[in-house]
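*Asks:* The structure file input_4.pdb (PDB, C-alpha atoms, pLDDT in the B column) is provided below.
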```pdb
ATOM      1  CA  MET V  19      56.466  77.367  47.493  1.00 43.00           C
ATOM      2  CA  SER V  20      54.328  78.741  50.331  1.00 46.00           C
ATOM      3  CA  ALA V  21      52.015  81.664  49.655  1.00 54.00           C
ATOM      4  CA  SER V  22      53.354  85.160  50.195  1.00 86.00           C
ATOM      5  CA  PHE V  23      49.849  86.119  51.311  1.00 92.00           C
ATOM      6  CA  GLU V  24      46.697  84.123  51.938  1.00 95.00           C
ATOM      7  CA  ASN V  25      43.207  85.562  52.284  1.00 96.00           C
ATOM      8  CA  ARG V  26      40.262  83.496  53.552  1.00 96.00           C
ATOM      9  CA  TYR V  27      36.683  84.675  53.878  1.00 96.00           C
ATOM     10  CA  TYR V  28      33.028  83.891  53.323  1.00 95.00           C
ATOM     11  CA  ALA V  29      31.445  86.410  50.984  1.00 93.00           C
ATOM     12  CA  THR V  30      28.912  88.692  52.662  1.00 94.00           C
ATOM     13  CA  ASP V  31      26.061  90.713  51.235  1.00 93.00           C
ATOM     14  CA  GLU V  32      27.856  93.919  52.266  1.00 95.00           C
ATOM     15  CA  MET V  33      30.919  92.913  50.245  1.00 96.00           C
ATOM     16  CA  MET V  34      28.826  92.071  47.200  1.00 95.00           C
ATOM     17  CA  MET V  35      26.704  95.219  47.366  1.00 95.00           C
ATOM     18  CA  GLU V  36      29.786  97.386  47.772  1.00 96.00           C
ATOM     19  CA  TYR V  37      31.511  95.668  44.837  1.00 96.00           C
ATOM     20  CA  VAL V  38      28.510  96.071  42.548  1.00 96.00           C
ATOM     21  CA  HIS V  39      27.671  99.664  43.510  1.00 95.00           C
ATOM     22  CA  GLN V  40      31.196 101.103  43.697  1.00 95.00           C
ATOM     23  CA  VAL V  41      33.043  99.046  41.090  1.00 96.00           C
ATOM     24  CA  LEU V  42      30.800  97.367  38.523  1.00 95.00           C
ATOM     25  CA  CYS V  43      28.116 100.085  38.278  1.00 95.00           C
ATOM     26  CA  ARG V  44      30.432 103.041  38.796  1.00 93.00           C
ATOM     27  CA  ARG V  45      30.454 104.128  35.130  1.00 93.00           C
ATOM     28  CA  LEU V  46      26.725 103.487  34.752  1.00 94.00           C
ATOM     29  CA  LYS V  47      25.959 105.809  37.652  1.00 94.00           C
ATOM     30  CA  ARG V  48      28.328 108.540  36.435  1.00 95.00           C
ATOM     31  CA  TRP V  49      26.974 108.482  32.890  1.00 96.00           C
ATOM     32  CA  GLY V  50      23.413 108.222  34.172  1.00 95.00           C
ATOM     33  CA  ILE V  51      23.735 111.236  36.454  1.00 96.00           C
ATOM     34  CA  GLY V  52      25.372 113.225  33.652  1.00 96.00           C
ATOM     35  CA  LEU V  53      22.548 112.339  31.275  1.00 96.00           C
ATOM     36  CA  LEU V  54      19.954 113.163  33.937  1.00 95.00           C
ATOM     37  CA  LEU V  55      21.436 116.635  34.404  1.00 96.00           C
ATOM     38  CA  LEU V  56      21.595 117.169  30.653  1.00 96.00           C
ATOM     39  CA  GLY V  57      17.998 115.987  30.334  1.00 95.00           C
ATOM     40  CA  LEU V  58      16.830 118.330  33.079  1.00 95.00           C
ATOM     41  CA  LEU V  59      18.473 121.250  31.283  1.00 96.00           C
ATOM     42  CA  SER V  60      16.768 120.132  28.093  1.00 95.00           C
ATOM     43  CA  ILE V  61      13.389 119.989  29.831  1.00 95.00           C
ATOM     44  CA  VAL V  62      13.881 123.513  31.199  1.00 96.00           C
ATOM     45  CA  HIS V  63      14.760 124.691  27.682  1.00 95.00           C
ATOM     46  CA  PHE V  64      11.682 123.055  26.131  1.00 94.00           C
ATOM     47  CA  ILE V  65       9.393 124.368  28.883  1.00 95.00           C
ATOM     48  CA  SER V  66      10.660 127.915  28.232  1.00 95.00           C
ATOM     49  CA  LYS V  67       9.884 127.445  24.519  1.00 94.00           C
ATOM     50  CA  GLY V  68       6.445 126.015  25.308  1.00 93.00           C
ATOM     51  CA  ASP V  69       7.132 122.742  23.479  1.00 91.00           C
ATOM     52  CA  SER V  70       5.141 120.233  25.521  1.00 92.00           C
ATOM     53  CA  ILE V  71       5.764 117.279  23.182  1.00 94.00           C
ATOM     54  CA  TRP V  72       9.546 117.460  23.658  1.00 95.00           C
ATOM     55  CA  VAL V  73       9.069 117.964  27.397  1.00 95.00           C
ATOM     56  CA  ALA V  74       7.089 114.700  27.483  1.00 96.00           C
ATOM     57  CA  VAL V  75       9.653 112.838  25.339  1.00 95.00           C
ATOM     58  CA  ASP V  76      12.478 114.134  27.493  1.00 95.00           C
ATOM     59  CA  GLY V  77      10.579 113.193  30.663  1.00 95.00           C
ATOM     60  CA  VAL V  78      10.116 109.610  29.458  1.00 96.00           C
ATOM     61  CA  CYS V  79      13.834 109.369  28.601  1.00 95.00           C
ATOM     62  CA  LEU V  80      14.773 110.687  32.046  1.00 96.00           C
ATOM     63  CA  PHE V  81      12.476 108.142  33.677  1.00 96.00           C
ATOM     64  CA  ILE V  82      14.152 105.312  31.737  1.00 96.00           C
ATOM     65  CA  ILE V  83      17.622 106.555  32.718  1.00 96.00           C
ATOM     66  CA  LEU V  84      16.612 106.850  36.382  1.00 95.00           C
ATOM     67  CA  PHE V  85      15.087 103.361  36.252  1.00 96.00           C
ATOM     68  CA  CYS V  86      18.373 101.961  34.883  1.00 95.00           C
ATOM     69  CA  ILE V  87      20.473 103.741  37.523  1.00 95.00           C
ATOM     70  CA  ILE V  88      18.310 102.390  40.354  1.00 95.00           C
ATOM     71  CA  PHE V  89      17.544  98.860  39.186  1.00 96.00           C
ATOM     72  CA  SER V  90      20.695  97.773  37.308  1.00 96.00           C
ATOM     73  CA  PRO V  91      22.721  97.231  40.521  1.00 96.00           C
ATOM     74  CA  ILE V  92      19.842  95.287  42.076  1.00 96.00           C
ATOM     75  CA  LEU V  93      19.540  93.032  39.047  1.00 96.00           C
ATOM     76  CA  MET V  94      23.331  92.583  38.898  1.00 95.00           C
ATOM     77  CA  ILE V  95      23.477  91.507  42.563  1.00 95.00           C
ATOM     78  CA  ARG V  96      20.664  89.034  41.944  1.00 95.00           C
ATOM     79  CA  SER V  97      22.472  87.654  38.892  1.00 94.00           C
ATOM     80  CA  ILE V  98      25.753  87.241  40.796  1.00 92.00           C
ATOM     81  CA  LYS V  99      23.976  85.388  43.601  1.00 92.00           C
ATOM     82  CA  GLU V 100      22.174  83.095  41.141  1.00 93.00           C
ATOM     83  CA  ASN V 101      25.432  82.315  39.315  1.00 90.00           C
ATOM     84  CA  ASP V 102      27.148  81.604  42.625  1.00 89.00           C
ATOM     85  CA  LYS V 103      24.376  79.181  43.619  1.00 90.00           C
ATOM     86  CA  ARG V 104      24.526  77.505  40.209  1.00 90.00           C
ATOM     87  CA  ILE V 105      28.311  77.069  40.304  1.00 87.00           C
ATOM     88  CA  HIS V 106      28.297  75.656  43.842  1.00 87.00           C
ATOM     89  CA  ASN V 107      24.999  73.698  43.732  1.00 89.00           C
ATOM     90  CA  GLY V 108      23.464  75.987  46.356  1.00 87.00           C
ATOM     91  CA  LYS V 109      26.248  75.478  48.916  1.00 90.00           C
ATOM     92  CA  LYS V 110      28.298  78.243  50.510  1.00 91.00           C
ATOM     93  CA  PHE V 111      32.077  77.771  50.368  1.00 93.00           C
ATOM     94  CA  GLU V 112      34.971  79.661  51.868  1.00 95.00           C
ATOM     95  CA  THR V 113      36.917  81.741  49.368  1.00 96.00           C
ATOM     96  CA  VAL V 114      40.690  81.284  49.517  1.00 96.00           C
ATOM     97  CA  VAL V 115      42.888  83.725  47.623  1.00 96.00           C
ATOM     98  CA  THR V 116      46.638  83.089  47.557  1.00 96.00           C
ATOM     99  CA  PHE V 117      49.302  85.441  46.287  1.00 95.00           C
ATOM    100  CA  ASP V 118      52.411  83.578  45.045  1.00 93.00           C
ATOM    101  CA  ASP V 119      53.974  83.951  41.625  1.00 93.00           C
ATOM    102  CA  LYS V 120      50.375  84.638  40.503  1.00 95.00           C
ATOM    103  CA  ILE V 121      47.023  85.285  42.160  1.00 96.00           C
ATOM    104  CA  SER V 122      44.960  82.137  42.673  1.00 96.00           C
ATOM    105  CA  ILE V 123      41.389  81.997  43.908  1.00 96.00           C
ATOM    106  CA  CYS V 124      39.663  78.822  45.001  1.00 95.00           C
ATOM    107  CA  GLU V 125      36.037  78.553  46.084  1.00 93.00           C
ATOM    108  CA  GLY V 126      34.655  75.033  46.350  1.00 89.00           C
ATOM    109  CA  SER V 127      35.294  73.355  42.992  1.00 88.00           C
ATOM    110  CA  PHE V 128      35.847  76.708  41.233  1.00 89.00           C
ATOM    111  CA  SER V 129      39.413  77.944  40.781  1.00 93.00           C
ATOM    112  CA  LEU V 130      41.070  80.717  38.788  1.00 95.00           C
ATOM    113  CA  SER V 131      44.604  82.029  38.409  1.00 96.00           C
ATOM    114  CA  VAL V 132      45.516  85.530  37.269  1.00 96.00           C
ATOM    115  CA  GLU V 133      48.925  87.065  36.586  1.00 96.00           C
ATOM    116  CA  TYR V 134      49.787  90.257  38.466  1.00 96.00           C
ATOM    117  CA  SER V 135      50.337  92.006  35.136  1.00 95.00           C
ATOM    118  CA  GLN V 136      46.657  91.394  34.271  1.00 96.00           C
ATOM    119  CA  ILE V 137      45.409  93.524  37.177  1.00 97.00           C
ATOM    120  CA  VAL V 138      44.311  96.881  35.738  1.00 97.00           C
ATOM    121  CA  ALA V 139      42.708  98.467  38.823  1.00 96.00           C
ATOM    122  CA  ILE V 140      42.751  98.036  42.579  1.00 97.00           C
ATOM    123  CA  TYR V 141      39.756  99.288  44.567  1.00 97.00           C
ATOM    124  CA  TYR V 142      40.139  99.748  48.322  1.00 96.00           C
ATOM    125  CA  LEU V 143      36.579  99.628  49.626  1.00 96.00           C
ATOM    126  CA  LYS V 144      35.238  99.562  53.188  1.00 94.00           C
ATOM    127  CA  HIS V 145      34.323  95.857  53.382  1.00 95.00           C
ATOM    128  CA  SER V 146      36.529  94.479  50.608  1.00 96.00           C
ATOM    129  CA  TYR V 147      39.265  95.098  48.083  1.00 96.00           C
ATOM    130  CA  ALA V 148      38.670  94.424  44.390  1.00 97.00           C
ATOM    131  CA  LEU V 149      41.538  93.442  42.096  1.00 97.00           C
ATOM    132  CA  MET V 150      40.125  94.045  38.634  1.00 97.00           C
ATOM    133  CA  PHE V 151      41.533  92.208  35.615  1.00 96.00           C
ATOM    134  CA  GLY V 152      38.819  93.422  33.248  1.00 92.00           C
ATOM    135  CA  LYS V 153      36.018  95.985  33.209  1.00 90.00           C
ATOM    136  CA  ASN V 154      33.593  93.505  34.763  1.00 90.00           C
ATOM    137  CA  SER V 155      35.955  90.859  36.135  1.00 94.00           C
ATOM    138  CA  GLY V 156      37.722  90.984  39.442  1.00 95.00           C
ATOM    139  CA  ILE V 157      38.911  89.135  42.490  1.00 96.00           C
ATOM    140  CA  ILE V 158      37.495  90.227  45.824  1.00 96.00           C
ATOM    141  CA  VAL V 159      39.704  90.129  48.904  1.00 96.00           C
ATOM    142  CA  SER V 160      38.540  90.635  52.503  1.00 96.00           C
ATOM    143  CA  PRO V 161      40.626  93.132  54.516  1.00 95.00           C
ATOM    144  CA  SER V 162      40.015  91.076  57.671  1.00 93.00           C
ATOM    145  CA  GLY V 163      40.782  87.711  56.044  1.00 94.00           C
ATOM    146  CA  PHE V 164      44.576  87.802  55.815  1.00 93.00           C
ATOM    147  CA  ILE V 165      46.414  84.933  57.484  1.00 88.00           C
ATOM    148  CA  GLY V 166      49.704  85.779  59.189  1.00 85.00           C
ATOM    149  CA  THR V 167      50.025  89.387  57.998  1.00 86.00           C
ATOM    150  CA  ASP V 168      48.248  92.719  58.132  1.00 86.00           C
ATOM    151  CA  VAL V 169      46.461  94.806  55.536  1.00 90.00           C
ATOM    152  CA  ASP V 170      49.192  97.449  55.199  1.00 91.00           C
ATOM    153  CA  ASN V 171      51.779  94.834  54.202  1.00 92.00           C
ATOM    154  CA  PHE V 172      49.355  93.453  51.625  1.00 93.00           C
ATOM    155  CA  LYS V 173      48.634  96.905  50.160  1.00 94.00           C
ATOM    156  CA  ALA V 174      52.334  97.630  49.735  1.00 93.00           C
ATOM    157  CA  PHE V 175      52.885  94.163  48.198  1.00 94.00           C
ATOM    158  CA  ILE V 176      49.991  94.299  45.731  1.00 95.00           C
ATOM    159  CA  GLU V 177      50.737  97.856  44.598  1.00 94.00           C
ATOM    160  CA  LYS V 178      54.369  96.883  43.972  1.00 93.00           C
ATOM    161  CA  LYS V 179      53.436  93.692  42.064  1.00 94.00           C
ATOM    162  CA  CYS V 180      50.666  95.412  40.057  1.00 93.00           C
ATOM    163  CA  ASN V 181      52.594  98.604  39.328  1.00 88.00           C
ATOM    164  CA  ASN V 182      50.559  99.348  36.176  1.00 90.00           C
ATOM    165  CA  ALA V 183      47.219  99.119  38.009  1.00 95.00           C
ATOM    166  CA  LYS V 184      45.160 102.193  38.769  1.00 95.00           C
ATOM    167  CA  VAL V 185      44.615 102.466  42.546  1.00 95.00           C
ATOM    168  CA  VAL V 186      41.174 103.717  43.644  1.00 91.00           C
ATOM    169  CA  SER V 187      40.555 104.399  47.336  1.00 77.00           C
TER     170      SER V 187
END
```
Produce structure tokens that represent the structure in this file.
*Replies:*
Amino acid sequence: MSASFENRYYATDEMMMEYVHQVLCRRLKRWGIGLLLLGLLSIVHFISKGDSIWVAVDGVCLFIILFCIIFSPILMIRSIKENDKRIHNGKKFETVVTFDDKISICEGSFSLSVEYSQIVAIYYLKHSYALMFGKNSGIIVSPSGFIGTDVDNFKAFIEKKCNNAKVVS
């Protein structure tokens, strides 16, 4: 059976950064910003009461939260790149994603197959699309990498096949 859709690309830094910042670290950033705002309100409250010890404790906590928000994506990108080098012995391979009766990804000697029913979220990003089958697991597809079809046909196809998936634009 020939593939309904085929996507070929070489992963770029822009794709990886976008995936990490907008998909993998999305909840971290939202929670972090919420906690920062709550902490700032707490600091204002403790300053008005004249409680300098709690202001200092709160300030240290806010610094740690800000540190996590800023550096977690950087460390995650570094980890992904190191794992990619380890899997492929330092070589760069073309990623081929085919969409038949299931989604198959092949990159060098690495391959993975996922059922359409396993896709829980679809992210349409600027440089890539992410088909998530777990909170931290997904398949990246390049919008410019489709062979023999266009992006609009793919979007309609994938949304129909993954009808239970949450679509995020």
*Asks:* Counting all atoms listed in the file, find the residues whose atoms lie at most 10 Å from (38.3, 100.3, 56.5) (file coordinates) and write them out as number ranges by chain.
*Replies:* V: 142-147, 161-162, 169
*Asks:* Separation of CA of Met150 in chain V and CA of Ser129 in chain V, in Å?
*Replies:*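 Pair CA of Met150 in chain V / CA of Ser129 in chain V returns 16.3 Å.
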*Asks:* Would you write out, as an mmCIF file with C-alpha atoms, in the frame of the given file, every residue that the PyMOL selection byres ((chain V and resi 155-158) around 10) captures in this file?
*Replies:*
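Listing of result.cif after writing:
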```cif
data_model
loop_
_atom_site.group_PDB
_atom_site.id
_atom_site.type_symbol
_atom_site.label_atom_id
_atom_site.label_comp_id
_atom_site.auth_asym_id
_atom_site.auth_seq_id
_atom_site.Cartn_x
_atom_site.Cartn_y
_atom_site.Cartn_z
ATOM 1 C CA ASN V 25 43.207 85.562 52.284
ATOM 2 C CA TYR V 27 36.683 84.675 53.878
ATOM 3 C CA ALA V 29 31.445 86.410 50.984
ATOM 4 C CA MET V 33 30.919 92.913 50.245
ATOM 5 C CA MET V 34 28.826 92.071 47.200
ATOM 6 C CA TYR V 37 31.511 95.668 44.837
ATOM 7 C CA VAL V 41 33.043 99.046 41.090
ATOM 8 C CA LEU V 42 30.800 97.367 38.523
ATOM 9 C CA THR V 113 36.917 81.741 49.368
ATOM 10 C CA VAL V 115 42.888 83.725 47.623
ATOM 11 C CA ILE V 121 47.023 85.285 42.160
ATOM 12 C CA SER V 122 44.960 82.137 42.673
ATOM 13 C CA ILE V 123 41.389 81.997 43.908
ATOM 14 C CA LEU V 130 41.070 80.717 38.788
ATOM 15 C CA SER V 131 44.604 82.029 38.409
ATOM 16 C CA VAL V 132 45.516 85.530 37.269
ATOM 17 C CA ILE V 137 45.409 93.524 37.177
ATOM 18 C CA VAL V 138 44.311 96.881 35.738
ATOM 19 C CA ALA V 139 42.708 98.467 38.823
ATOM 20 C CA ILE V 140 42.751 98.036 42.579
ATOM 21 C CA TYR V 141 39.756 99.288 44.567
ATOM 22 C CA HIS V 145 34.323 95.857 53.382
ATOM 23 C CA SER V 146 36.529 94.479 50.608
ATOM 24 C CA TYR V 147 39.265 95.098 48.083
ATOM 25 C CA ALA V 148 38.670 94.424 44.390
ATOM 26 C CA LEU V 149 41.538 93.442 42.096
ATOM 27 C CA MET V 150 40.125 94.045 38.634
ATOM 28 C CA PHE V 151 41.533 92.208 35.615
ATOM 29 C CA GLY V 152 38.819 93.422 33.248
ATOM 30 C CA LYS V 153 36.018 95.985 33.209
ATOM 31 C CA ASN V 154 33.593 93.505 34.763
ATOM 32 C CA VAL V 159 39.704 90.129 48.904
ATOM 33 C CA SER V 160 38.540 90.635 52.503
ATOM 34 C CA PRO V 161 40.626 93.132 54.516
#
```
*Asks:* Go through V:Phe64, V:Phe85, V:Val114, V:Met94 one by one, measure the shortest atom-to-atom distance of each to Met35 in chain V using only C-alpha atoms, and give the residue with the smallest value.
*Replies:*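 Nearest to Met35 in chain V: V:Met94.
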*Asks:* Decode the PyMOL selection byres ((chain V and resi 43-52) around 8) for the given file into explicit residues and return them as a PyMOL selection string.
*Replies:* chain V and resi 38-42+53-56+83-84+87+90-91
*Asks:* Just the number, please: distance in Å from CA of Val186 in chain V to CA of Ile95 in chain V, one decimal.
*Replies:*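 These atoms are spaced 21.5 Å apart.
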*Asks:* Find the residues with any atom within 7 Å of (45.6, 81.8, 54.3); use all atoms listed in the file and the coordinates as given in the file, and write the answer as a PyMOL selection string.
*Replies:* chain V and resi 23-26+114+116+164-165
*Asks:* Mind checking which residues fall within 10 Å of range 71-74 of chain V, counting only C-alpha atoms, ignoring those fewer than 3 positions away in the same chain, and posting them as a list in words?
*Replies:*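 The filter keeps Gly57, Leu58, Ser60, Ile61, Val62, His63, Phe64, Ile65, Lys67, Gly68, Gly77, Val78, Cys79 and Leu80 of chain V.
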*Asks:* Using the partial input, fill out range 120-155 of chain V with N, CA and C atoms; write the result as a compact mmCIF listing (two decimals), keeping the file's coordinate frame.
*Replies:*
```txt
# COMPACT_ATOMS: atom_id res chain seq x y z
N LYS V 120 51.59 84.08 41.11
CA LYS V 120 50.38 84.64 40.50
C LYS V 120 49.27 84.62 41.55
N ILE V 121 48.16 85.23 41.24
CA ILE V 121 47.02 85.28 42.16
C ILE V 121 46.12 84.11 41.85
N SER V 122 45.82 83.30 42.85
CA SER V 122 44.96 82.14 42.67
C SER V 122 43.78 82.25 43.62
N ILE V 123 42.60 81.98 43.10
CA ILE V 123 41.39 82.00 43.91
C ILE V 123 40.75 80.62 43.82
N CYS V 124 40.32 80.12 44.95
CA CYS V 124 39.66 78.82 45.00
C CYS V 124 38.43 78.95 45.88
N GLU V 125 37.30 78.50 45.36
CA GLU V 125 36.04 78.55 46.08
C GLU V 125 35.27 77.29 45.74
N GLY V 126 35.28 76.32 46.64
CA GLY V 126 34.66 75.03 46.35
C GLY V 126 35.39 74.36 45.21
N SER V 127 34.66 74.00 44.15
CA SER V 127 35.29 73.36 42.99
C SER V 127 35.75 74.37 41.94
N PHE V 128 35.45 75.65 42.16
CA PHE V 128 35.85 76.71 41.23
C PHE V 128 37.24 77.21 41.58
N SER V 129 38.10 77.35 40.56
CA SER V 129 39.41 77.94 40.78
C SER V 129 39.81 78.79 39.57
N LEU V 130 40.65 79.78 39.83
CA LEU V 130 41.07 80.72 38.79
C LEU V 130 42.44 81.25 39.18
N SER V 131 43.29 81.42 38.20
CA SER V 131 44.60 82.03 38.41
C SER V 131 44.76 83.22 37.48
N VAL V 132 45.33 84.29 38.02
CA VAL V 132 45.52 85.53 37.27
C VAL V 132 46.94 86.02 37.51
N GLU V 133 47.59 86.48 36.46
CA GLU V 133 48.92 87.06 36.59
C GLU V 133 48.81 88.48 37.17
N TYR V 134 49.79 88.91 37.90
CA TYR V 134 49.79 90.26 38.47
C TYR V 134 49.72 91.32 37.37
N SER V 135 50.33 91.04 36.24
CA SER V 135 50.34 92.01 35.14
C SER V 135 48.94 92.21 34.53
N GLN V 136 48.02 91.28 34.80
CA GLN V 136 46.66 91.39 34.27
C GLN V 136 45.78 92.33 35.10
N ILE V 137 46.20 92.66 36.30
CA ILE V 137 45.41 93.52 37.18
C ILE V 137 45.50 94.95 36.65
N VAL V 138 44.33 95.53 36.31
CA VAL V 138 44.31 96.88 35.74
C VAL V 138 43.86 97.94 36.75
N ALA V 139 43.17 97.51 37.81
CA ALA V 139 42.71 98.47 38.82
C ALA V 139 42.58 97.76 40.17
N ILE V 140 42.89 98.52 41.22
CA ILE V 140 42.75 98.04 42.58
C ILE V 140 41.82 99.00 43.31
N TYR V 141 40.72 98.48 43.82
CA TYR V 141 39.76 99.29 44.57
C TYR V 141 39.85 98.94 46.05
N TYR V 142 40.13 99.93 46.87
CA TYR V 142 40.14 99.75 48.32
C TYR V 142 38.80 100.24 48.85
N LEU V 143 37.92 99.31 49.16
CA LEU V 143 36.58 99.63 49.63
C LEU V 143 36.51 99.38 51.14
N LYS V 144 35.39 99.70 51.74
CA LYS V 144 35.24 99.56 53.19
C LYS V 144 35.24 98.10 53.64
N HIS V 145 34.48 97.25 52.97
CA HIS V 145 34.32 95.86 53.38
C HIS V 145 35.16 94.89 52.55
N SER V 146 35.78 95.37 51.49
CA SER V 146 36.53 94.48 50.61
C SER V 146 37.49 95.27 49.75
N TYR V 147 38.39 94.54 49.11
CA TYR V 147 39.26 95.10 48.08
C TYR V 147 38.96 94.34 46.80
N ALA V 148 38.94 95.05 45.68
CA ALA V 148 38.67 94.42 44.39
C ALA V 148 39.90 94.59 43.50
N LEU V 149 40.41 93.46 43.03
CA LEU V 149 41.54 93.44 42.10
C LEU V 149 40.96 93.14 40.72
N MET V 150 40.80 94.17 39.92
CA MET V 150 40.12 94.04 38.63
C MET V 150 41.10 93.66 37.53
N PHE V 151 40.73 92.61 36.77
CA PHE V 151 41.53 92.21 35.62
C PHE V 151 40.74 92.35 34.34
N GLY V 152 39.66 93.08 34.39
CA GLY V 152 38.82 93.42 33.25
C GLY V 152 37.80 94.44 33.72
N LYS V 153 37.01 94.99 32.81
CA LYS V 153 36.02 95.98 33.21
C LYS V 153 34.98 95.40 34.16
N ASN V 154 34.62 94.14 33.94
CA ASN V 154 33.59 93.50 34.76
C ASN V 154 34.09 92.25 35.45
N SER V 155 35.39 92.06 35.53
CA SER V 155 35.96 90.86 36.14
C SER V 155 36.97 91.24 37.19
```
